[in-house]
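To start, the structure under review is shown below, and the notes come after it.
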Number of protein chains: 2
Amino acid sequence: MRSFISDLLLQQLAEPSSEAMYKRLYRHLTASIRSARIAPGQRLPSSRELAEELGIARNTVVSVYHQLLCEGFTESRVGNGTFVSEQQQDVYPASVLEQTDYRPGWLSAQLSERGNRIVEEAPASPSEWGAFMPGVPDVEQFPHATFSRLLRQAWRAPMPEMLSYSQGGGLKWLREELAAYLGIARSVQCDPDQIIITEGVHQAIDLVTRMLGSPQDVAWVEDPGYWGARTILAANGISTVPIPVDAHGMCIPPAASEPTPKFIFVTPSHQYPLGMVMSLDRRRRLIRLARHQGSWIIEDDYDSEFRFGGLPVPALQGLEPNAPVIYMGTFSKTMYPGLRLSYVVLPKVLASALKAAHTTLYREGRLLTQAAVAAFISEGHYTSHILRMRKAYAGRRRMLVSLIERRLGPGWLTPEADNAGLHLVVSLPETLPDTRLVELARSRGILTRSLSRYYHQAGAARQGLLLGYACVPEHQIIQQFEVLLDCIAQVMQDGASGAGRVTSASP
Amino acid sequence: MRSFISDLLLQQLAEPSSEAMYKRLYRHLTASIRSARIAPGQRLPSSRELAEELGIARNTVVSVYHQLLCEGFTESRVGNGTFVSEQQQDVYPASVLEQTDYRPGWLSAQLSERGNRIVEEAPASPSEWGAFMPGVPDVEQFPHATFSRLLRQAWRAPMPEMLSYSQGGGLKWLREELAAYLGIARSVQCDPDQIIITEGVHQAIDLVTRMLGSPQDVAWVEDPGYWGARTILAANGISTVPIPVDAHGMCIPPAASEPTPKFIFVTPSHQYPLGMVMSLDRRRRLIRLARHQGSWIIEDDYDSEFRFGGLPVPALQGLEPNAPVIYMGTFSKTMYPGLRLSYVVLPKVLASALKAAHTTLYREGRLLTQAAVAAFISEGHYTSHILRMRKAYAGRRRMLVSLIERRLGPGWLTPEADNAGLHLVVSLPETLPDTRLVELARSRGILTRSLSRYYHQAGAARQGLLLGYACVPEHQIIQQFEVLLDCIAQVMQDGASGAGRVTSASP
């Protein structure tokens, strides 16, 4: 006969969950002891019995029992078994809260399921600045003095409204400058009332997915794709369906595919991270599909200002009047990341509801900073800074490409990549694990990101490196590239001697 | 026999939901038509049949049918009934997305359930600055020139790391200054590593509740209490249990109450919005209860710097070493709201996980602004500005109190309120609806908030007005108070002539 405790646990464990079994078992047992559903003094089944009755590995039960013992939930009476302690410990004793590095088991039981996932996915990069850091522009070239002067100007006898809470999606002046700029530079069709200024693109994604998406809704995301979108979607309970990309961008599934996605995340102007452009035919089909099946396209236009050859690629948003496209862009790449200002362009019908929600969810402010940015655009500094950096990044990219071709040989550069952006992708032999290479490089002061980590489906993942070339000037790139070569050689050698599989240097 | 469509809908409507029936019916019908589960050409049951078979009001069905007809999902064939259109309309036709003010039915069907709730709860105030605006400090008195100089200083040849993305919970210098300040001014015990600088308190609440709370978890909140906490909790799927407050703060329920709350939101130093201080006995019991039952106390210490008499009230966080308290505070009231900088002080054991999550969820930056704030504190401007404003606000409060007593008579001021903060609460006769008064005042340029809107349980709600006195100087308060008196008189007269219930001017 099954014990009462096994019955209780079977019932609790019946709920579907993606959490690891030992976490769930720990959570349910401690909760039941705390609420006295499992009473003080009660004997627990032996680990063997419980494992059999629950149909789980005995080791799992053993390690959870050990944890309970350590934390004082249970006590062991020699030769007699394990009993729930009579004297209940505090769940949050001072001694636990004092720890800076308490047993991970305790902490992960405290974090919610989404919390654990967010922590696991947190990028481990120790810094956000240096050669090969992808997605970071050269902020040393930013016209500090000019922007500082504009800030000072904004601070000269400001109206009190400029320092208080604000609402309405940001300073009107900035939204006007932005609407004009986006129309010319990105072929985005909008008026200033469709724009909301956000604290970074994450906030824009958060706003849109919370307001339009419900838990259990589905979003299509490009595979590989931006980790940030995935994180925010997961935090809002929306599951992602990874859609492969090919040389023409996202491979759009047929109309009848189930479940119908509420959102379709795309980077049509410059696929992130691989760098291809979505073809015109795909763009038209995507809009038609979204219109028909009731999906919102979220266009993340994160670095399209930096295109070094060929025709400019206009935004998807402006391709058809009033398409179901929510367009996002940022000042992080064109000005500097620490500014924390981005923007979202909404279909007219959504604007007023999402503005009200934006004020309510995040509260707005920072109008003086926004005034300085508006002046920066209005006085022409913005466009001329972009032009100047476009030239600089084009040169750095050319140099890095020729370095790679000269020092590594042909076949290392991904063929799809367009001549644009702030980083390029180096393909690695499939036998060379990119995460190990990134770790080794990091230990030697080089920041890169592994391509495989951008894939949602582990099976589809290619090994590669994202090399940012925008951050620092040429001579530093040259220097650091030598260190990187060293790291590649070392990882290849380790692989060759370890597994004896790597025979060619070409991927 | 029930029709196939009724069966389908019965099944879909069986899921529990707090959404209004007409929204659910509309949503399920349009989704089924779109996915062709209800095929083109299919005849819908008559509104009478469907209402009977679903056991809902016929009017609901009639209005949903009308909406479907308007939007082209169905067509009516005279004398023969309603049929699903053969030619499927786009769900997002250009004509809809062009509208700035489309039928609310369409828009609310697009918004998620949480989205609809957020929009409904959005405060309708047209501006955030003016006499009687609660919670807004006098930003005209802020030392603009000093702060602007410190910003300029930070911008002088900044290190590139200061302009890039950042991580680790904010500028170390600022966290050090803050830890020292909080220790002295608020008796908060922490070291700088326990602090995360956030974009406003909403972000701090969002971070903590997402990371530690799961959907279906429960939070205790004070009733009345801060609307913002409720909004963020709801957005994260956490339900609130309103707990009444009395003259000693939150009336702490007994230990065994079910369900056990994951969070307990309190404003112990100055209850929001009523203004009482939580007694020492309650504080001790609250910490003991939280320790025992595994709840995190979230202490929102939003305006405790402004206390005009009596002893300072130390924070709950420092009452016992390593209590399960997460402390939040803000620069919005002590500097200016538009700065958008707040902070959260975490138990040591949570700090590193929540820092990683903070970077991942929101991405960090704004280090130059943080450097200017650190310098502002370090050079003593922060404390001296607070001292100066404390004096100013004390004077304005005194004056407003005497105005109320002189012009309205005794009994209008809430007795619980402590001599502190940026607003006071005027009680209204129960027959005088505060929301009407607020609307009337707003139409005449006076911004206040109605007390009843701060209550979670409509039944418990008291009628009253939150009058901010910090925003503007005395002569403006005096002027605007006359307008407010006019409004009160008018609403009372309307009530008396309309319902004949109000007989006395005293609440």
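Here, A, B, ... name the chains of the structure tokens in the order displayed, residue numbers run from 1 inside each chain, and ligands are numbered from 1 in the same displayed order.
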
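Those residues in range 325-496 of chain A carrying a DSSP assignment of strand (DSSP E or B), computed from the backbone, are Val325, Ile326, Tyr327, Met328, Gly329, Thr330, Ser342, Tyr343, Val344, Val345, Glu364, Leu413, Ala420, His423, Leu424, Val425, Val426, Ser427, Arg449, Ser450, Gly464, Leu465, Leu466, Leu467 and Gly468 of chain A.
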
Identify, on the basis of only C-alpha atoms, every residue whose closest approach to Tyr92 in chain A does not exceed 9 Å; exclude the query and any residue fewer than 3 positions from it along the same chain; express the result as a CSV table (one decimal) with all heavy atoms, in the first residue's frame.
```
chain,number,residue,atom,x,y,z
A,89,GLN,N,11.7,24.9,11.8
A,89,GLN,CA,12.6,26.0,11.5
A,89,GLN,C,11.9,27.1,10.7
A,89,GLN,O,10.9,26.8,10.0
A,89,GLN,CB,13.7,25.5,10.6
A,89,GLN,CG,14.4,24.3,11.1
A,89,GLN,CD,15.5,24.6,12.1
A,89,GLN,OE1,16.0,25.7,12.0
A,89,GLN,NE2,15.8,23.7,13.0
A,95,SER,N,20.2,33.4,9.3
A,95,SER,CA,21.5,32.8,8.8
A,95,SER,C,21.5,32.5,7.3
A,95,SER,O,22.5,32.6,6.6
A,95,SER,CB,21.8,31.5,9.6
A,95,SER,OG,20.7,30.6,9.3
A,96,VAL,N,20.3,32.2,6.8
A,96,VAL,CA,20.2,32.0,5.3
A,96,VAL,C,20.3,33.3,4.6
A,96,VAL,O,21.0,33.4,3.6
A,96,VAL,CB,18.9,31.3,5.0
A,96,VAL,CG1,18.7,31.3,3.5
A,96,VAL,CG2,18.9,29.9,5.5
A,97,LEU,N,19.5,34.3,5.1
A,97,LEU,CA,19.4,35.6,4.3
A,97,LEU,C,20.8,36.3,4.4
A,97,LEU,O,21.0,37.2,3.6
A,97,LEU,CB,18.3,36.4,4.9
A,97,LEU,CG,16.9,35.8,4.7
A,97,LEU,CD1,15.9,36.7,5.3
A,97,LEU,CD2,16.6,35.5,3.3
B,290,ALA,N,6.4,36.5,8.3
B,290,ALA,CA,7.1,36.3,7.0
B,290,ALA,C,8.2,35.3,7.1
B,290,ALA,O,8.2,34.4,6.2
B,290,ALA,CB,7.6,37.6,6.5
B,291,ARG,N,9.0,35.4,8.1
B,291,ARG,CA,10.1,34.3,8.3
B,291,ARG,C,9.5,32.9,8.3
B,291,ARG,O,10.0,32.0,7.7
B,291,ARG,CB,10.8,34.6,9.6
B,291,ARG,CG,12.0,35.4,9.5
B,291,ARG,CD,12.8,35.2,10.8
B,291,ARG,NE,13.6,36.4,11.2
B,291,ARG,CZ,14.6,36.8,10.5
B,291,ARG,NH1,15.1,36.2,9.5
B,291,ARG,NH2,15.3,37.9,10.9
B,292,HIS,N,8.4,32.8,9.1
B,292,HIS,CA,7.9,31.5,9.3
B,292,HIS,C,7.1,30.9,8.1
B,292,HIS,O,7.3,29.8,7.8
B,292,HIS,CB,6.9,31.6,10.5
B,292,HIS,CG,6.4,30.2,10.9
B,292,HIS,ND1,7.2,29.3,11.5
B,292,HIS,CD2,5.2,29.6,10.6
B,292,HIS,CE1,6.5,28.2,11.7
B,292,HIS,NE2,5.3,28.3,11.2
B,293,GLN,N,6.3,31.7,7.4
B,293,GLN,CA,5.5,31.2,6.4
B,293,GLN,C,6.1,31.3,5.0
B,293,GLN,O,5.5,30.9,4.0
B,293,GLN,CB,4.1,31.8,6.4
B,293,GLN,CG,4.0,33.2,5.9
B,293,GLN,CD,2.6,33.8,6.1
B,293,GLN,OE1,1.7,33.2,6.7
B,293,GLN,NE2,2.4,35.0,5.6
B,294,GLY,N,7.3,31.9,4.9
B,294,GLY,CA,8.0,31.9,3.7
B,294,GLY,C,7.5,33.0,2.7
B,294,GLY,O,7.4,32.8,1.5
B,295,SER,N,7.2,34.2,3.3
B,295,SER,CA,6.7,35.3,2.5
B,295,SER,C,7.9,36.4,2.4
B,295,SER,O,8.6,36.5,3.4
B,295,SER,CB,5.5,36.0,3.1
B,295,SER,OG,4.5,35.1,3.4
B,322,ASN,N,19.0,40.8,8.8
B,322,ASN,CA,18.6,39.8,7.8
B,322,ASN,C,17.2,39.3,7.9
B,322,ASN,O,16.9,38.1,7.9
B,322,ASN,CB,19.6,38.6,7.9
B,322,ASN,CG,21.0,39.0,7.6
B,322,ASN,OD1,21.3,39.5,6.5
B,322,ASN,ND2,21.9,38.8,8.6
B,323,ALA,N,16.3,40.2,7.9
B,323,ALA,CA,14.9,39.9,7.9
B,323,ALA,C,14.5,39.7,6.4
B,323,ALA,O,15.2,40.2,5.5
B,323,ALA,CB,14.1,41.0,8.4
B,324,PRO,N,13.5,38.9,6.1
B,324,PRO,CA,13.1,38.7,4.7
B,324,PRO,C,12.4,39.9,4.1
B,324,PRO,O,11.2,39.8,3.7
B,324,PRO,CB,12.2,37.4,4.8
B,324,PRO,CG,11.6,37.5,6.2
B,324,PRO,CD,12.6,38.1,7.1
```

Non-local contacts of range 359-371 of chain A (7 Å; only C-alpha atoms; under 4 positions in same chain excluded) as a PyMOL selection string: (chain A and resi 151+154-155+162-167+171+174+355+375) or (chain B and resi 122+202-203+232+337-340)

Generate the output file for the selected residues, C-alpha atoms, as a tab-separated table (two decimals), in the first residue's frame.
```
chain	number	residue	atom	x	y	z
A	151	LEU	CA	21.90	68.64	-22.19
A	154	ALA	CA	17.83	71.63	-21.81
A	155	TRP	CA	18.66	72.15	-18.13
A	162	MET	CA	9.93	68.64	-17.92
A	163	LEU	CA	11.13	67.29	-14.56
A	164	SER	CA	7.94	65.63	-13.40
A	165	TYR	CA	6.34	62.35	-14.39
A	166	SER	CA	5.22	62.45	-17.98
A	167	GLN	CA	2.82	60.60	-20.23
A	171	LEU	CA	8.43	64.33	-25.65
A	174	LEU	CA	11.46	64.08	-30.15
A	355	LYS	CA	0.38	54.79	-24.59
A	375	ALA	CA	17.96	68.91	-30.48
B	122	ALA	CA	-4.77	53.61	-16.34
B	202	HIS	CA	7.71	49.94	-10.92
B	203	GLN	CA	10.76	48.25	-12.41
B	232	ILE	CA	2.49	45.25	-11.85
B	337	PRO	CA	10.28	62.25	-10.77
B	338	GLY	CA	11.49	62.59	-14.36
B	339	LEU	CA	14.95	61.34	-13.31
B	340	ARG	CA	13.49	57.80	-13.30
```

Within range 54-267 of chain B, find each residue whose DSSP state, derived from the backbone, is helix (DSSP H, G or I), and express the selection as a PyMOL selection string. chain B and resi 54+58-70+94-98+104-110+113-121+139-141+144-155+160-162+172-186+192-194+200-212+227-235

Tell me, in Å to one decimal, how far CA of Val61 in chain A is from CA of Glu120 in chain A. 23.6 Å

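Excluding Leu341 in chain B and any residue on its chain fewer than 5 positions from it, the residues at most 9 Å away by only C-alpha atoms are Ile197, Thr198, Glu199, Gly200, Val201, Thr330, Phe331, Ser332 and Gln370 of chain B.
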
From A:Glu128, A:Glu53, A:Glu474, A:Glu177, residue lying nearest chain B [only C-alpha atoms]: A:Glu128

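When the distance limit is 7 Å and only C-alpha atoms are what count, the residues near range 347-352 of chain B, minus those fewer than 6 positions from it on the same chain, are Leu97, Glu98, Gln99, Thr100, Asp101 and Tyr102 of chain A; Gln194, Asn322, Pro324, Val325 and Ile326 of chain B.
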
Expressed in Å to a single decimal, how great is the separation between CA of Arg288 in chain A and CA of Tyr26 in chain B? 23.3 Å

Can you tell me which residues surround range 241-255 of chain A at a distance of at most 7 Å, considering only C-alpha atoms, apart from same-chain residues fewer than 3 positions away, and format the answer as a ChimeraX atom specification? /A:218-223,268,271,276-279,286,289,416,456

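The space separating CA of Met211 in chain B from CA of Ile118 in chain A comes to 8.1 Å.
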